[in-house]
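Have a look at the structure below, then the notes.
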Amino acid sequence: MSEHDKESGGAADDTPAASYRTIDAVTAVVIFAIGAVVAWDSYRIGAKWGSDGPEAGYFPFYIGLILCISSIVNFINALREKSFAEGGESFVSKSSLRMVFSVMIPTIIYVAAIGGVGPVPGVGIYVASVIFIAVFMLWLGKYGWGKTLGVSIGVPVFFFLMFEIWFKVPLPKGPLEAMLGLD
């Protein structure tokens with residue numbers, strides 16, 4: 001049982017979430033799609049050899065084609081592998097995947113909160129950073145409120161001074177900074 005499991009009082013959930021076969025096949029499909037887009041768009045803008053040399057899409061077209069061919073080979077190899085149900089190896093366990101999502105989902109929300117999503121306005125990088133750091137310190141780090149408030153407010157203040165004042169590089173701000181006249 002890992003330290004995380006001991007702290008949470010539960011047992012490790014080592015049941016497989018995905019096999020190498022599944023991940024390899026999905027990755028091959030995604031890279032094939034990227035290669036196909038590159039090849040198609042390169043062909044659209046010109047992928048032939050002109051009288052004065054290669055057209056703009058000549059080299060990108062062949063890069064996209066190589067990606068597609070490589071992806072097909074990888075996809076076929078993935079289909080030949082054993083899945084974990086057939087005695088093959090697991091790529092990731094459910095408990096490990098849960099840990100990845102416990103970091104990835106808040107990070108996606110953080111990035112969306114900076115600039116906003118659709119009609120919902122963003123809160124800016126500084127307010128989003130205060131919330132993001134505080135959530136991680138309280139939830140995953142299990143720090144107390146004193147340290148959490150000090151670090152979650154101190155770090156964005158430091159970065160505000162560094163970027164906005166010293167380097168004169170404006171970062172995305174939200175309504176709080178506008179209300180304080182810092183925009």
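Ligands are numbered from 1 in the order shown, residues from 1 within each chain, and chains are lettered A, B, ... in the order they appear in the structure tokens.
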
Determine which residues of chain A receive a DSSP assignment of alpha helix (DSSP H), computed from the backbone, and state them as JSON, numbers by chain. {"A": [3, 4, 5, 6, 7, 8, 20, 21, 22, 23, 24, 25, 26, 27, 28, 29, 30, 31, 32, 33, 34, 35, 36, 37, 38, 39, 40, 41, 42, 43, 44, 45, 58, 59, 60, 61, 62, 63, 64, 65, 66, 67, 68, 69, 70, 71, 72, 73, 74, 75, 76, 77, 78, 79, 80, 94, 95, 96, 97, 98, 99, 100, 101, 102, 103, 104, 105, 106, 107, 108, 109, 110, 111, 112, 113, 114, 115, 124, 125, 126, 127, 128, 129, 130, 131, 132, 133, 134, 135, 136, 137, 138, 139, 145, 146, 147, 148, 149, 150, 151, 152, 153, 154, 155, 156, 157, 158, 159, 160, 175, 176, 177, 178, 179]}

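Close contacts of range 153-167 of chain A, defined as residues with an atom at most 7 Å away when counting only C-alpha atoms, with chain neighbours fewer than 3 positions off set aside, comprise Tyr126, Ser129, Val130, Leu149, Gly150 and Pro170 of chain A.
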
File of the preceding selection, C-alpha atoms, as a PDB file, in the first residue's frame:
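This went into part-v2.pdb:
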ATOM      1  CA  TYR A 126      -3.103  36.474 -10.870  1.00  0.00           C
ATOM      2  CA  SER A 129      -3.052  31.559  -9.706  1.00  0.00           C
ATOM      3  CA  VAL A 130      -4.058  32.419  -6.132  1.00  0.00           C
ATOM      4  CA  LEU A 149      -2.556  31.905   2.138  1.00  0.00           C
ATOM      5  CA  GLY A 150       1.036  33.107   2.380  1.00  0.00           C
ATOM      6  CA  PRO A 170       1.757  42.601 -19.304  1.00  0.00           C
TER       7      PRO A 170
END

When you look at range 33-48 of chain A with a cut-off of 10 Å (counting only C-alpha atoms), what residues show up, excluding the ones that are within fewer than 6 positions of it in the same chain? I need them as a PyMOL selection string. chain A and resi 27+54-71

I'd like the contact shell of Val123 in chain A - 6 Å cut-off, only C-alpha atoms, skipping same-chain residues fewer than 3 positions apart - returned as number ranges by chain. A: 113-114, 174

Taking only chain A into account, list the residues labelled strand (DSSP E or B) by DSSP (computed from the backbone), as JSON, numbers by chain. {"A": [16, 17, 18, 19, 49, 50, 53, 54, 90, 91, 92, 93, 116, 117, 120, 121, 173]}

Just to confirm, what's the straight-line distance from CA of Thr107 in chain A to CA of Phe132 in chain A in Å (one decimal)? 7.9 Å

Residues of range 90-126 of chain A at most 12 Å from range 75-84 of chain A: nearest atom pair and distance in Å, only C-alpha atoms, as a tab-separated table:
residue	atom	partner	partner_atom	distance
A:Ser90	CA	A:Phe84	CA	5.6
A:Phe91	CA	A:Phe84	CA	8.8
A:Val92	CA	A:Phe84	CA	10.6
A:Ser93	CA	A:Phe84	CA	11.1

Write a file of the selected residues as a PDB file, in the first residue's frame, keeping C-alpha atoms.
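Printed below is selection02.pdb as written:
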ATOM      1  CA  SER A  90      -1.343  -2.767 -18.340  1.00  0.00           C
ATOM      2  CA  PHE A  91      -0.309   0.739 -19.408  1.00  0.00           C
ATOM      3  CA  VAL A  92      -1.846   2.442 -16.399  1.00  0.00           C
ATOM      4  CA  SER A  93      -3.832   1.416 -13.336  1.00  0.00           C
TER       5      SER A  93
END

With only C-alpha atoms as the basis for distance, which of A:Val127, A:Val103, A:Ala134, A:Ala112 is at the shortest distance from Lys173 in chain A? A:Val127

Atomic separation - CA of Trp145 in chain A relative to CA of Ser102 in chain A, Å: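 Taking CA of Ser102 in chain A as the start and CA of Trp145 in chain A as the end point, the length is 20.7 Å.
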
What's the separation between CA of Ser96 in chain A and CA of Val117 in chain A, in Å to one decimal place?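 Separating CA of Ser96 in chain A from CA of Val117 in chain A is a distance of 29.1 Å.
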